[in-house]
Structures are given as structure tokens and as C-alpha cells.
$ cat work-v3.tsv   # TSV, C-alpha atoms
chain	number	residue	atom	x	y	z
Q	1	MET	CA	21.36	-17.33	-11.24
Q	2	SER	CA	23.70	-14.48	-10.74
Q	3	SER	CA	24.21	-13.09	-7.27
Q	4	ILE	CA	22.23	-9.85	-7.67
Q	5	TYR	CA	19.09	-11.78	-8.59
Q	6	ARG	CA	19.59	-14.07	-5.62
Q	7	GLU	CA	20.08	-11.09	-3.31
Q	8	LEU	CA	16.99	-9.38	-4.69
Q	9	ALA	CA	14.94	-12.55	-4.35
Q	10	THR	CA	15.94	-13.14	-0.71
Q	11	ALA	CA	15.50	-9.49	0.25
Q	12	PHE	CA	12.03	-9.23	-1.27
Q	13	LEU	CA	10.85	-12.64	-0.09
Q	14	LYS	CA	11.65	-11.45	3.41
Q	15	VAL	CA	9.87	-8.12	2.94
Q	16	GLY	CA	6.82	-9.95	1.57
Q	17	LEU	CA	6.79	-12.39	4.45
Q	18	LEU	CA	7.12	-9.74	7.16
Q	19	GLY	CA	5.10	-7.01	5.48
Q	20	PHE	CA	1.95	-7.27	7.54
Q	21	GLY	CA	0.02	-4.03	7.59
Q	22	GLY	CA	0.26	-3.08	3.93
Q	23	GLY	CA	2.47	-0.82	1.86
Q	24	TYR	CA	3.85	1.56	4.45
Q	25	ALA	CA	4.87	-1.25	6.78
Q	26	MET	CA	6.72	-2.78	3.85
Q	27	LEU	CA	8.46	0.50	3.01
Q	28	HIS	CA	9.81	0.61	6.54
Q	29	LEU	CA	11.23	-2.91	6.16
Q	30	LEU	CA	12.77	-2.00	2.79
Q	31	ARG	CA	14.44	1.03	4.29
Q	32	GLN	CA	15.94	-1.03	7.10
Q	33	ASP	CA	17.26	-3.59	4.64
Q	34	PHE	CA	18.33	-1.58	1.59
Q	35	VAL	CA	19.41	1.74	3.08
Q	36	VAL	CA	20.57	0.90	6.61
Q	37	ALA	CA	21.85	-2.67	6.39
Q	38	LYS	CA	23.02	-3.10	2.78
Q	39	GLY	CA	23.64	0.48	1.72
Q	40	TRP	CA	22.30	-0.17	-1.80
Q	41	LEU	CA	20.44	3.13	-1.74
Q	42	GLY	CA	21.03	6.54	-0.12
Q	43	SER	CA	18.52	8.13	2.23
Q	44	ALA	CA	17.58	10.84	-0.26
Q	45	GLU	CA	17.18	8.30	-3.05
Q	46	PHE	CA	14.86	6.33	-0.80
Q	47	LEU	CA	12.70	9.41	-0.18
Q	48	ASP	CA	12.53	9.89	-3.97
Q	49	LEU	CA	11.42	6.30	-4.28
Q	50	VAL	CA	8.62	6.82	-1.76
Q	51	ALA	CA	7.40	9.95	-3.56
Q	52	ILE	CA	7.54	8.24	-6.95
Q	53	SER	CA	5.75	5.16	-5.59
Q	54	GLN	CA	2.90	7.32	-4.37
Q	55	ALA	CA	2.63	9.28	-7.58
Q	56	THR	CA	2.51	6.28	-9.90
Q	57	PRO	CA	-0.32	3.76	-10.25
Q	58	GLY	CA	-0.43	0.71	-8.06
Q	59	PRO	CA	0.22	-0.46	-4.53
Q	60	ILE	CA	3.28	1.19	-3.00
Q	61	ALA	CA	5.03	-2.07	-2.07
Q	62	ILE	CA	4.81	-3.34	-5.65
Q	63	ASN	CA	6.04	-0.02	-7.02
Q	64	ALA	CA	9.00	-0.06	-4.66
Q	65	ALA	CA	9.90	-3.65	-5.56
Q	66	THR	CA	9.77	-2.99	-9.31
Q	67	PHE	CA	11.75	0.24	-8.97
Q	68	LEU	CA	14.51	-1.16	-6.76
Q	69	GLY	CA	14.68	-4.36	-8.77
Q	70	TYR	CA	15.13	-2.37	-11.97
Q	71	ARG	CA	17.77	-0.12	-10.45
Q	72	LEU	CA	19.81	-3.10	-9.24
Q	73	GLY	CA	19.18	-5.65	-11.98
Q	74	GLU	CA	17.31	-4.01	-14.88
Q	75	PHE	CA	14.25	-5.76	-16.35
Q	76	TRP	CA	14.93	-9.20	-14.89
Q	77	GLY	CA	15.79	-7.67	-11.57
Q	78	ALA	CA	12.44	-5.90	-11.57
Q	79	LEU	CA	10.65	-9.13	-12.41
Q	80	VAL	CA	12.50	-11.11	-9.72
Q	81	ALA	CA	11.90	-8.46	-7.05
Q	82	THR	CA	8.20	-8.02	-7.87
Q	83	GLY	CA	7.60	-11.76	-8.08
Q	84	SER	CA	9.46	-12.41	-4.82
Q	85	VAL	CA	7.62	-9.78	-2.82
Q	86	LEU	CA	4.32	-11.41	-3.83
Q	87	VAL	CA	5.15	-15.02	-2.94
Q	88	ALA	CA	4.53	-15.01	0.81
Q	89	PRO	CA	1.38	-12.82	0.74
Q	90	LEU	CA	-0.12	-14.97	-2.01
Q	91	ILE	CA	0.51	-18.23	-0.19
Q	92	MET	CA	-1.02	-16.83	2.98
Q	93	VAL	CA	-4.01	-15.17	1.37
Q	94	LEU	CA	-4.77	-18.26	-0.72
Q	95	THR	CA	-4.65	-20.37	2.44
Q	96	GLY	CA	-7.03	-17.85	3.98
Q	97	ALA	CA	-9.30	-18.02	0.93
Q	98	TRP	CA	-9.33	-21.80	1.09
Q	99	LEU	CA	-10.22	-21.80	4.79
Q	100	TRP	CA	-12.86	-19.19	4.15
Q	101	GLN	CA	-14.54	-21.25	1.40
Q	102	ARG	CA	-14.41	-24.32	3.60
Q	103	TYR	CA	-15.67	-22.92	6.89
Q	104	GLN	CA	-17.85	-20.00	5.77
Q	105	GLU	CA	-21.04	-21.69	7.01
Q	106	VAL	CA	-19.62	-23.05	10.26
Q	107	GLY	CA	-20.73	-21.47	13.56
Q	108	TRP	CA	-17.39	-20.69	15.21
Q	109	TRP	CA	-16.04	-19.23	11.95
Q	110	LYS	CA	-19.08	-16.96	11.67
Q	111	ARG	CA	-18.59	-15.82	15.24
Q	112	ILE	CA	-14.97	-14.87	14.54
Q	113	PHE	CA	-16.03	-12.87	11.48
Q	114	PHE	CA	-18.73	-11.14	13.49
Q	115	GLY	CA	-15.84	-9.62	15.44
Q	116	LEU	CA	-13.58	-9.06	12.42
Q	117	ARG	CA	-16.09	-6.98	10.44
Q	118	PRO	CA	-16.14	-3.96	12.77
Q	119	ALA	CA	-12.34	-4.18	12.98
Q	120	VAL	CA	-12.18	-3.95	9.17
Q	121	VAL	CA	-14.15	-0.70	9.35
Q	122	ALA	CA	-11.73	0.52	12.02
Q	123	LEU	CA	-8.72	-0.36	9.84
Q	124	ILE	CA	-10.18	1.55	6.88
Q	125	ALA	CA	-11.01	4.54	9.08
Q	126	SER	CA	-7.50	4.54	10.54
Q	127	ALA	CA	-6.03	4.44	7.02
Q	128	ALA	CA	-7.94	7.66	6.33
Q	129	TRP	CA	-6.64	9.11	9.58
Q	130	ALA	CA	-3.05	8.27	8.62
Q	131	MET	CA	-3.48	10.01	5.25
Q	132	ALA	CA	-4.84	13.20	6.82
Q	133	GLY	CA	-1.40	14.56	7.73
Q	134	ASP	CA	-0.33	15.07	4.11
Q	135	ALA	CA	-3.70	15.60	2.52
Q	136	PHE	CA	-4.75	19.00	3.84
Q	137	PRO	CA	-2.00	21.62	3.61
Q	138	ASP	CA	-4.53	24.43	2.98
Q	139	LEU	CA	-8.20	25.32	2.56
Q	140	PHE	CA	-8.42	24.50	-1.14
Q	141	SER	CA	-7.34	20.93	-0.49
Q	142	VAL	CA	-10.01	20.68	2.21
Q	143	ALA	CA	-12.55	21.82	-0.38
Q	144	ILE	CA	-11.33	19.16	-2.82
Q	145	GLY	CA	-11.70	16.56	-0.06
Q	146	ILE	CA	-15.24	17.63	0.81
Q	147	ALA	CA	-16.28	17.71	-2.85
Q	148	ALA	CA	-14.77	14.26	-3.44
Q	149	PHE	CA	-16.54	12.86	-0.39
Q	150	GLY	CA	-19.88	14.29	-1.53
Q	151	LEU	CA	-19.48	12.95	-5.08
Q	152	GLY	CA	-18.28	9.57	-3.83
Q	153	ALA	CA	-20.99	9.16	-1.21
Q	154	SER	CA	-23.77	10.23	-3.57
Q	155	ARG	CA	-22.43	7.77	-6.16
Q	156	LYS	CA	-22.89	10.27	-8.97
Q	157	LEU	CA	-19.37	9.75	-10.28
Q	158	SER	CA	-17.12	6.73	-10.36
Q	159	PRO	CA	-14.07	6.82	-8.07
Q	160	ILE	CA	-11.88	6.92	-11.19
Q	161	ALA	CA	-13.60	10.09	-12.44
Q	162	ILE	CA	-13.25	11.61	-8.96
Q	163	MET	CA	-9.51	10.93	-8.89
Q	164	LEU	CA	-9.05	12.41	-12.39
Q	165	LEU	CA	-11.05	15.52	-11.48
Q	166	ALA	CA	-9.06	15.95	-8.27
Q	167	ALA	CA	-5.77	15.63	-10.13
Q	168	GLY	CA	-7.06	18.20	-12.64
Q	169	ALA	CA	-8.10	20.56	-9.85
Q	170	GLY	CA	-4.63	20.22	-8.31
Q	171	ILE	CA	-2.91	21.01	-11.60
Q	172	VAL	CA	-5.18	24.00	-12.31
Q	173	SER	CA	-4.56	25.42	-8.84
Q	174	GLY	CA	-0.82	24.87	-9.33
Q	175	LEU	CA	-0.86	26.74	-12.65
Q	176	TRP	CA	-2.93	29.50	-11.09
Q	177	PHE	CA	-1.03	30.02	-7.86
Q	178	GLY	CA	2.43	29.00	-9.03
Q	179	PRO	CA	4.83	26.38	-7.74
Q	180	ASN	CA	4.18	26.87	-4.04
Q	181	ALA	CA	0.48	26.09	-4.14
B	182	MET	CA	-17.58	-22.08	-8.88
B	183	ARG	CA	-21.01	-20.75	-9.76
B	184	SER	CA	-20.77	-21.23	-13.48
B	185	ALA	CA	-18.67	-23.35	-15.74
B	186	ASN	CA	-17.13	-20.43	-17.63
B	187	ARG	CA	-14.71	-18.59	-15.44
B	188	PRO	CA	-14.78	-14.80	-15.80
B	189	TYR	CA	-11.06	-14.32	-16.33
B	190	SER	CA	-11.26	-11.18	-18.42
B	191	LYS	CA	-13.72	-9.47	-16.05
B	192	LEU	CA	-11.49	-10.41	-13.13
B	193	PHE	CA	-8.45	-9.07	-14.90
B	194	PHE	CA	-10.02	-5.74	-15.86
B	195	SER	CA	-11.69	-5.10	-12.49
B	196	PHE	CA	-8.35	-5.32	-10.73
B	197	PHE	CA	-6.41	-3.72	-13.58
B	198	SER	CA	-8.53	-0.57	-13.35
B	199	ALA	CA	-8.21	-0.55	-9.56
B	200	GLY	CA	-4.43	-0.91	-10.02
B	201	VAL	CA	-4.23	1.97	-12.48
B	202	PHE	CA	-6.06	4.37	-10.19
B	203	THR	CA	-4.42	3.30	-6.94
B	204	LEU	CA	-2.50	6.45	-6.08
B	205	GLY	CA	-0.99	6.99	-2.65
B	206	GLY	CA	-2.51	3.94	-0.98
B	207	GLY	CA	-4.77	1.06	-1.90
B	208	TYR	CA	-7.74	1.86	0.31
B	209	ALA	CA	-8.85	4.72	-1.95
B	210	MET	CA	-9.95	2.22	-4.58
B	211	LEU	CA	-12.26	0.36	-2.18
B	212	PRO	CA	-15.39	2.18	-3.44
B	213	LEU	CA	-14.42	1.21	-7.00
B	214	LEU	CA	-13.80	-2.41	-6.00
B	215	ALA	CA	-17.06	-2.53	-4.04
B	216	ARG	CA	-18.86	-1.36	-7.15
B	217	GLU	CA	-17.09	-3.80	-9.46
B	218	LEU	CA	-17.14	-6.87	-7.24
B	219	LYS	CA	-20.48	-6.48	-5.45
B	220	GLU	CA	-22.82	-4.43	-7.58
B	221	LYS	CA	-21.75	-4.98	-11.16
B	222	ASN	CA	-20.61	-8.58	-11.09
B	223	LYS	CA	-22.35	-9.82	-7.93
B	224	TRP	CA	-19.36	-11.90	-6.91
B	225	PHE	CA	-19.85	-10.98	-3.23
B	226	SER	CA	-22.74	-10.03	-0.97
B	227	ASP	CA	-22.26	-7.02	1.34
B	228	PHE	CA	-21.05	-9.15	4.22
B	229	GLU	CA	-18.95	-11.42	2.05
B	230	PHE	CA	-17.13	-8.35	0.77
B	231	VAL	CA	-16.28	-7.25	4.32
B	232	ASP	CA	-15.22	-10.79	5.18
B	233	ALA	CA	-12.98	-10.88	2.11
B	234	LEU	CA	-11.38	-7.62	3.28
B	235	ALA	CA	-10.80	-9.17	6.71
B	236	VAL	CA	-8.98	-12.12	5.12
B	237	ALA	CA	-7.03	-9.78	2.81
B	238	GLN	CA	-5.91	-7.66	5.77
B	239	SER	CA	-4.86	-10.70	7.78
B	240	ALA	CA	-2.13	-11.62	5.28
B	241	PRO	CA	1.04	-9.60	4.64
B	242	GLY	CA	1.24	-7.53	1.49
B	243	PRO	CA	-0.80	-4.87	-0.27
B	244	MET	CA	-4.54	-5.09	0.40
B	245	VAL	CA	-5.55	-4.70	-3.28
B	246	VAL	CA	-3.28	-7.55	-4.37
B	247	ASN	CA	-4.55	-9.79	-1.57
B	248	LEU	CA	-8.15	-9.00	-2.41
B	249	ALA	CA	-7.39	-9.81	-6.05
B	250	ALA	CA	-5.96	-13.20	-5.07
B	251	LEU	CA	-8.96	-13.96	-2.89
B	252	THR	CA	-11.57	-12.94	-5.46
B	253	GLY	CA	-9.75	-14.75	-8.24
B	254	TYR	CA	-9.44	-17.91	-6.14
B	255	ARG	CA	-13.12	-17.81	-5.26
B	256	LEU	CA	-14.17	-17.53	-8.91
B	257	GLY	CA	-11.56	-19.58	-10.70
B	258	GLY	CA	-9.24	-21.38	-8.32
B	259	ILE	CA	-5.49	-20.82	-8.52
B	260	PRO	CA	-5.57	-19.76	-12.21
B	261	GLY	CA	-8.26	-17.19	-11.34
B	262	ALA	CA	-6.11	-15.89	-8.49
B	263	LEU	CA	-3.10	-15.51	-10.76
B	264	VAL	CA	-5.12	-13.67	-13.43
B	265	ALA	CA	-6.58	-11.21	-10.91
B	266	VAL	CA	-3.22	-10.61	-9.21
B	267	TRP	CA	-1.56	-10.06	-12.59
B	268	GLY	CA	-4.25	-7.47	-13.34
B	269	ALA	CA	-3.63	-5.67	-10.06
B	270	VAL	CA	0.16	-5.70	-10.41
B	271	LEU	CA	0.61	-4.98	-14.13
B	272	PRO	CA	-0.10	-1.20	-13.99
B	273	SER	CA	2.46	-0.82	-11.21
B	274	PHE	CA	5.02	-2.89	-12.98
B	275	VAL	CA	4.77	-1.04	-16.29
B	276	ALA	CA	4.63	2.41	-14.69
B	277	MET	CA	7.65	1.76	-12.49
B	278	LEU	CA	9.68	0.29	-15.36
B	279	LEU	CA	9.03	3.48	-17.32
B	280	VAL	CA	9.91	5.70	-14.37
B	281	ALA	CA	13.00	3.73	-13.35
B	282	SER	CA	14.37	3.56	-16.88
B	283	THR	CA	13.86	7.23	-17.66
B	284	VAL	CA	15.58	8.07	-14.36
B	285	THR	CA	14.55	11.57	-13.36
B	286	VAL	CA	11.61	12.26	-15.60
B	287	ALA	CA	9.42	13.18	-12.65
B	288	ARG	CA	11.96	15.22	-10.76
B	289	GLY	CA	11.74	18.96	-11.11
B	290	ARG	CA	8.38	18.83	-12.82
B	291	PRO	CA	5.85	20.45	-10.54
B	292	VAL	CA	2.86	19.13	-12.54
B	293	LEU	CA	3.17	15.79	-10.78
B	294	GLU	CA	3.29	17.42	-7.36
B	295	TRP	CA	0.29	19.59	-8.26
B	296	ALA	CA	-1.72	16.57	-9.37
B	297	LEU	CA	-0.85	14.82	-6.12
B	298	TYR	CA	-1.93	17.88	-4.18
B	299	GLY	CA	-5.41	17.31	-5.62
B	300	VAL	CA	-5.31	13.53	-5.47
B	301	ARG	CA	-4.36	13.21	-1.79
B	302	PRO	CA	-7.49	14.78	-0.27
B	303	ALA	CA	-9.68	12.99	-2.85
B	304	ALA	CA	-8.08	9.64	-2.02
B	305	LEU	CA	-8.70	10.26	1.66
B	306	ALA	CA	-12.33	11.17	0.92
B	307	LEU	CA	-12.78	7.92	-1.02
B	308	VAL	CA	-11.34	5.92	1.88
B	309	LEU	CA	-13.89	7.63	4.14
B	310	VAL	CA	-16.68	6.79	1.69
B	311	ALA	CA	-15.62	3.14	1.91
B	312	ALA	CA	-15.55	3.28	5.73
B	313	VAL	CA	-19.03	4.84	5.84
B	314	ASN	CA	-20.54	2.44	3.30
B	315	ILE	CA	-19.15	-0.65	4.96
B	316	GLY	CA	-19.79	0.71	8.44
B	317	ARG	CA	-23.45	1.21	7.58
B	318	ASN	CA	-23.80	-2.50	6.89
B	319	VAL	CA	-21.65	-3.76	9.71
B	320	LEU	CA	-22.18	-1.48	12.70
B	321	GLY	CA	-25.81	-2.41	13.20
B	322	ASN	CA	-25.71	-3.53	16.83
B	323	VAL	CA	-24.13	-2.51	20.08
B	324	TYR	CA	-21.52	-5.32	20.12
B	325	ALA	CA	-20.23	-4.39	16.69
B	326	ILE	CA	-20.03	-0.72	17.64
B	327	ALA	CA	-18.13	-1.61	20.83
B	328	ILE	CA	-15.62	-3.71	18.88
B	329	PHE	CA	-15.27	-0.92	16.29
B	330	LEU	CA	-14.55	1.70	18.95
B	331	ALA	CA	-12.12	-0.53	20.80
B	332	ALA	CA	-10.31	-1.27	17.52
B	333	CYS	CA	-10.11	2.45	16.65
B	334	ILE	CA	-8.67	3.28	20.05
B	335	GLY	CA	-6.19	0.41	19.77
B	336	LEU	CA	-5.05	1.45	16.29
B	337	LEU	CA	-4.94	5.22	16.70
B	338	ALA	CA	-4.19	5.83	20.37
B	339	GLY	CA	-2.49	2.56	21.32
B	340	HIS	CA	-0.59	2.09	18.03
B	341	ILE	CA	-1.34	-1.61	18.29
B	342	HIS	CA	-0.34	-3.63	15.23
B	343	PRO	CA	-3.28	-4.17	12.82
B	344	LEU	CA	-2.77	-7.91	12.98
B	345	LEU	CA	-3.15	-7.92	16.77
B	346	VAL	CA	-6.25	-5.72	16.47
B	347	LEU	CA	-7.77	-8.22	14.04
B	348	ALA	CA	-6.86	-11.12	16.32
B	349	GLY	CA	-8.42	-9.36	19.33
B	350	ALA	CA	-11.55	-8.51	17.36
B	351	GLY	CA	-11.90	-12.11	16.16
B	352	LEU	CA	-11.63	-13.35	19.73
B	353	ALA	CA	-14.12	-10.75	20.92
B	354	GLY	CA	-16.52	-11.84	18.18
B	355	PHE	CA	-16.06	-15.47	19.12
B	356	TRP	CA	-16.91	-14.87	22.77
B	357	CYS	CA	-19.71	-12.46	22.01
B	358	GLU	CA	-23.06	-14.18	22.43
B	359	ALA	CA	-24.50	-11.86	19.81
B	360	GLY	CA	-22.04	-13.33	17.35
B	361	ARG	CA	-23.96	-16.54	17.26
B	362	ARG	CA	-27.33	-14.91	16.96
B	363	LYS	CA	-26.78	-12.05	14.56
B	364	SER	CA	-23.87	-12.84	12.30
B	365	GLY	CA	-25.84	-14.88	9.77
$ encode --input "work-v3.tsv" --output "C-alpha cells"
Amino acid sequence: MSSIYRELATAFLKVGLLGFGGGYAMLHLLRQDFVVAKGWLGSAEFLDLVAISQATPGPIAINAATFLGYRLGEFWGALVATGSVLVAPLIMVLTGAWLWQRYQEVGWWKRIFFGLRPAVVALIASAAWAMAGDAFPDLFSVAIGIAAFGLGASRKLSPIAIMLLAAGAGIVSGLWFGPNA
Amino acid sequence: MRSANRPYSKLFFSFFSAGVFTLGGGYAMLPLLARELKEKNKWFSDFEFVDALAVAQSAPGPMVVNLAALTGYRLGGIPGALVAVWGAVLPSFVAMLLVASTVTVARGRPVLEWALYGVRPAALALVLVAAVNIGRNVLGNVYAIAIFLAACIGLLAGHIHPLLVLAGAGLAGFWCEAGRRKSG
């Protein structure tokens, strides 16, 4: 195994292991490691990576791993990086799944989950809160948000259709108002 | 576990479609996943779905991928987990290979930024839909509401790490007398 693959594997194993808190927490770790410590990527390049990761399908951490892996080691680099970043989360979540199957009907386990459920709602609500900073630059985007909420809550359209419509609305408004919309 | 034939292709496509439409954060596809996993395929009850999310959020890594592993494991053991995770990751992998190999295809093309301008508020709205739908099931008593509010304050005002919030909430649930009576 050549050294770049080994470096990628160690770097992404570590990010996967420490990346509690989802994609953005992992991006922070990647920045520390790749930009600050190793200097594999410039600051501006890293910002590009974040923007591209958001604009392409899939979880941000996976996008970042594939992208950086490809940049540093082409196809096999991408595969090594993406595989490595998944190892630790998968081991932990499968352990969790196993425990869950085993203890689901046990009293103390149920009592713990009684407390976890409201916290899950809080985590989802706080994810929405964190997105609010970028989501509403003007009134039209607020209108898109309200329309999407109405359509989503009334269950008239699938979330996929809502996302496609919203992307379409964004493009139409961009064409209409020009590049600064 | 429920039937002899394991639903590998359904697993794959449920998480593949969630992966394709995950833009700017995994939580936006929660309404889609709720529909696929609970309503269409009946792999989870309402509460089981929330519990699965709790387990998925307690591990490192992207929530969608963790939920894929958990659902796959539940339905088809380790092979099921790998199939579902592969479904969730494949769209990312292919898209990023294309982007990384064509270097600057996205740069300087405002269409992408315009689409994102529309997608961002819609994604946020879908996250809120998920919070409301799940909250309606879960926040049915005063203890749950108290834990929810405390967790919100901890996350938003106290900037406490999500993992610590989950740990605190689990402890609170454990010591809550209502936990024993009402969680079933």
C-alpha cells in the first residue's frame, strides 16, 4: 500500500471515529487535519469543497471524503477515504443496533429511550435552527420556505418533489433577477 | 427477521433515493425516510423510528448513513446493513467523483447557486416538518416536554455537545418515574 493511501486511511479513520455530531462536526475535523496540520489543501480550496459538498447529493462528510480522496489519490484514493470514514461509525451504530434489538423490551432500556425521544426532536429542531442563517437571505426565500413547509406538512407532495420544485424556483428567480438574486 | 426473504432491493432504493436528494444536510430527508421506512414498508412503528434516530445520532458519522446501517441490520443482519449503507453512500460517491474529476465544472456557473438558493429554505422547511411530525408523537406528556425544552436550551443557548445532550436526556428518562409508566 503506497503511502498516500495509508495517510488517507489514517486521516479518515480518525475523522470517522471523532465525528460525533454529523457532517459539520466532521468538516471541522477535516479542516484541522488537512488544511491546518498537513497543508494538503488551501483555505479557499476548502471553502470550495464545503460549497460543492452541499450542492451535490449525499451526506456532507461522505462528499468531502470522496472529493479529498480523489484529489490526493484518484479513484482508489476516493474509495479508501470513503471506506475509512465509514468504518468507525458503522462499528458503533451496528453495536447500537445489536443492543437495541436485544434490550428493546427491557424496562431500564425503555426508560432511557423515554428520555432520548424528546432529545431527538430537540436535535432535529436545532438542525433547522442552524440552517436558518444561510436559508433566508430575502423575502422570496422565506416564501419558498413557507410553501415547502405547507406542502410537506400537508403531505400532498413527496419531499423529493418539494426539493425539485424549490431548486426550480431558485433557478427561475435567478434567471429573472440576474446573478445577485 | 420478520420474513425469510430479506428486502435487499427495497432497502437499497429507499436509502439510495434519500442519498440522491440529500442536499445541504441529511435531516431534510427525514420526512422521505419516515414515509419509506414507516408508512410504505412498515419496517418501524412511530416510536421505533424515533428510537432508531436516537441510536443513529449516538454514533459518529452522518445520520442518514447510520440510519441506513441500523435499518439494514434490523432487516437483514450485517449484509442488510452493508446493502443499505451502500445505497446511501453511492449517490455521493458517484457525484463527487464526477465533480472532482471535472475540476471546476461548478465554479462560475450561477445556476448551481440559484438552485441552492431555492433548496436551502425548502430543506429547512422539511427538517421542521420532521420535527413537528415526530414531536407530535413524542411530546405527549409533561416530562417529555420538559426534557425537550431542556435539550433545546442546552443545544442552542448552552452549545452543549449533542452527545452530552443525549446522555443527559437518557439519564433524565431513566430517573423519570413516568418513563416506566408511559414509555411502552
$ closest_residue --input "work-v3.tsv" --among "Q:Pro89, Q:Gly42, Q:Gly69, Q:Gly77" --to "chain B" --atoms "all atoms listed in the file"
Q:Pro89
$ closest_residue --input "work-v3.tsv" --among "B:Cys333, B:Ala348, B:His340, B:Val300" --to "Ile171 (chain Q)" --atoms "all atoms listed in the file"
B:Val300
$ closest_residue --input "work-v3.tsv" --among "Q:Tyr103, Q:Leu30, Q:Gly19, Q:Gly133" --to "chain B" --atoms "all atoms listed in the file"
Q:Gly19
$ residues_around --input "work-v3.tsv" --residues "region 230-239 of chain B" --least-positions-apart "3" --cutoff "7 Å" --atoms "all atoms listed in the file" --output "list in words"
Val93, Gly96, Phe113, Leu116, Arg117 and Val120 of chain Q; Phe225, Ser226, Asp227, Met244, Asn247, Leu248 and Leu344 of chain B
$ write_last_selection --input "work-v3.tsv" --atoms "C-alpha atoms" --output "mmCIF file, in the coordinates of the input"
data_model
loop_
_atom_site.group_PDB
_atom_site.id
_atom_site.type_symbol
_atom_site.label_atom_id
_atom_site.label_comp_id
_atom_site.auth_asym_id
_atom_site.auth_seq_id
_atom_site.Cartn_x
_atom_site.Cartn_y
_atom_site.Cartn_z
ATOM 1 C CA VAL Q 93 -4.010 -15.170 1.370
ATOM 2 C CA GLY Q 96 -7.030 -17.850 3.980
ATOM 3 C CA PHE Q 113 -16.030 -12.870 11.480
ATOM 4 C CA LEU Q 116 -13.580 -9.060 12.420
ATOM 5 C CA ARG Q 117 -16.090 -6.980 10.440
ATOM 6 C CA VAL Q 120 -12.180 -3.950 9.170
ATOM 7 C CA PHE B 225 -19.850 -10.980 -3.230
ATOM 8 C CA SER B 226 -22.740 -10.030 -0.970
ATOM 9 C CA ASP B 227 -22.260 -7.020 1.340
ATOM 10 C CA MET B 244 -4.540 -5.090 0.400
ATOM 11 C CA ASN B 247 -4.550 -9.790 -1.570
ATOM 12 C CA LEU B 248 -8.150 -9.000 -2.410
ATOM 13 C CA LEU B 344 -2.770 -7.910 12.980
#
$ residues_around --input "work-v3.tsv" --residues "Ser158 (chain Q)" --least-positions-apart "4" --cutoff "9 Å" --atoms "all atoms listed in the file" --output "list of chain:residue names"
Q:Leu151, Q:Gly152, Q:Ile162, Q:Met163, B:Pro212, B:Leu213, B:Arg216
$ write_last_selection --input "work-v3.tsv" --atoms "C-alpha atoms" --output "compact mmCIF listing (two decimals), in the frame of the given file"
# COMPACT_ATOMS: atom_id res chain seq x y z
CA LEU Q 151 -19.48 12.95 -5.08
CA GLY Q 152 -18.28 9.57 -3.83
CA ILE Q 162 -13.25 11.61 -8.96
CA MET Q 163 -9.51 10.93 -8.89
CA PRO B 212 -15.39 2.18 -3.44
CA LEU B 213 -14.42 1.21 -7.00
CA ARG B 216 -18.86 -1.36 -7.15
$ atom_distance --input "work-v3.tsv" --atom1 "CA of Thr10 (chain Q)" --atom2 "CA of Ser84 (chain Q)"
7.7 Å
$ residues_near_point --input "work-v3.tsv" --point "(-10.3, -21.5, 3.4)" --cutoff "12 Å" --atoms "all atoms listed in the file" --output "PyMOL selection string"
(chain Q and resi 91-106+109) or (chain B and resi 232-233+236+251+254-255+258)
$ residues_around --input "work-v3.tsv" --residues "region 306-322 of chain B" --least-positions-apart "6" --cutoff "6 Å" --atoms "all atoms listed in the file" --output "ChimeraX atom specification"
/Q:121,124-125,128,145,148-149,153 /B:208-209,211-212
$ closest_residue --input "work-v3.tsv" --among "B:Ala249, B:Ala325, B:Ala331, B:Leu345" --to "Leu263 (chain B)" --atoms "all atoms listed in the file"
B:Ala249
$ residues_around --input "work-v3.tsv" --residues "region 293-297 of chain B" --least-positions-apart "6" --cutoff "12 Å" --atoms "all atoms listed in the file" --output "JSON, numbers by chain"
{"Q": [51, 52, 53, 54, 55, 56, 57, 134, 135, 136, 137, 141, 144, 163, 164, 165, 166, 167, 168, 169, 170, 171, 172, 173, 174, 175, 176, 177, 178, 179, 180, 181], "B": [204, 205, 286, 287, 303, 304, 305]}
$ atom_distance --input "work-v3.tsv" --atom1 "CA of Phe355 (chain B)" --atom2 "CA of Trp108 (chain Q)"
6.7 Å
$ closest_residue --input "work-v3.tsv" --among "Q:Ala61, Q:Lys156, Q:Ala161, Q:Asp33" --to "chain B" --atoms "all atoms listed in the file"
Q:Ala61
